[in-house]
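Student: The structure under discussion is supplied below as structure tokens; questions concerning it will follow.
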Amino acid sequence: MSQECELLEKCGFFKKYNEINSLACRGFIANYCKGPKIDQCKRKEYRNRYGVPPSDDMMPDGQMYSG
């Protein structure tokens with residue numbers, strides 16, 4: 001059974017980029033949102049640290065999406 005991040009419903013990155021046919025976005029979603037790096041998501045770290053979600057354009061690795 002595959003994992004899925006508990007924050008997907010309210011994750012701006014996932015909501016904004018889930019439907020984008022970009023290999024990079026699909027890779028991030030497969031690895032961070034629904035895969036082995038689920039606990040390494042910088043978006044989740046940011047939300048836990050500051051109590052607010054990061055920019056929708058912040059990718060799970062912490063970089064800003066500029067596609």
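Naming scheme: A, B, ... for chains in displayed order of the structure tokens; residues 1 onward per chain; ligands 1 onward as shown.
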Write out as a PyMOL selection string the residues lying within 7 Å of A:Cys5, counting only C-alpha atoms and excluding same-chain residues fewer than 2 positions away.
Tutor: chain A and resi 3+7-8+33-34+38
Student: Next, dump the selected residues to file, keeping only C-alpha atoms, as an mmCIF file, in the first residue's frame.
Tutor:
```cif
data_model
loop_
_atom_site.group_PDB
_atom_site.id
_atom_site.type_symbol
_atom_site.label_atom_id
_atom_site.label_comp_id
_atom_site.auth_asym_id
_atom_site.auth_seq_id
_atom_site.Cartn_x
_atom_site.Cartn_y
_atom_site.Cartn_z
ATOM 1 C CA GLN A 3 1.704 6.240 1.519
ATOM 2 C CA LEU A 7 -1.675 17.395 4.066
ATOM 3 C CA LEU A 8 -2.537 16.797 0.385
ATOM 4 C CA CYS A 33 3.535 13.534 -1.672
ATOM 5 C CA LYS A 34 2.942 9.836 -2.232
ATOM 6 C CA ILE A 38 7.106 11.858 2.504
#
```
Student: Do you know which residues are at most 12 Å from A:Asn31 counting only C-alpha atoms, after dropping those on the same chain fewer than 4 positions away, and could you put them as an MDAnalysis selection string?
Tutor: chainID A and resid 2:5 24:27 35:41 59:61
Student: Skipping near chain neighbours, those fewer than 6 positions away, what residues fall within 10 Å of stretch 50-53 of chain A using only C-alpha atoms, listed as a tab-separated table (two decimals) with N, CA and C atoms, in the first residue's frame?
Tutor:
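Done, and the output landed in around.tsv:
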```
chain	number	residue	atom	x	y	z
A	10	LYS	N	-4.87	20.14	1.71
A	10	LYS	CA	-4.66	21.57	1.91
A	10	LYS	C	-3.30	22.05	1.42
A	11	CYS	N	-2.58	21.22	0.69
A	11	CYS	CA	-1.26	21.60	0.18
A	11	CYS	C	-1.39	22.40	-1.12
A	12	GLY	N	-0.95	23.66	-1.06
A	12	GLY	CA	-1.04	24.53	-2.23
A	12	GLY	C	-0.25	24.00	-3.41
A	13	PHE	N	0.94	23.47	-3.15
A	13	PHE	CA	1.76	22.93	-4.25
A	13	PHE	C	1.03	21.78	-4.93
A	43	ARG	N	8.04	21.59	2.66
A	43	ARG	CA	6.77	22.31	2.83
A	43	ARG	C	6.15	21.95	4.18
A	44	LYS	N	6.19	20.67	4.50
A	44	LYS	CA	5.64	20.20	5.78
A	44	LYS	C	6.45	20.78	6.94
```
Student: Provide the atom CA of A:Phe14 to atom CA of A:Ile29 distance in Å, to one decimal place.
Tutor: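 About the pair atom CA of A:Phe14 and atom CA of A:Ile29: they are 7.3 Å apart.
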Student: Report as a count of residues only: the residues of chain A with a DSSP assignment of helix (DSSP H, G or I), based on the backbone of this structure.
Tutor: 32
Student: One number please: atom CA of A:Tyr17 to atom CA of A:Arg49, in Å, one decimal.
Tutor: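 One can read the atom CA of A:Tyr17 to atom CA of A:Arg49 distance as 23.3 Å.
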Student: Can you measure atom CA of A:Lys16 to atom CA of A:Asn48 for me? One decimal in Å is fine.
Tutor: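 Between atom CA of A:Lys16 and atom CA of A:Asn48 the gap is 20.6 Å.
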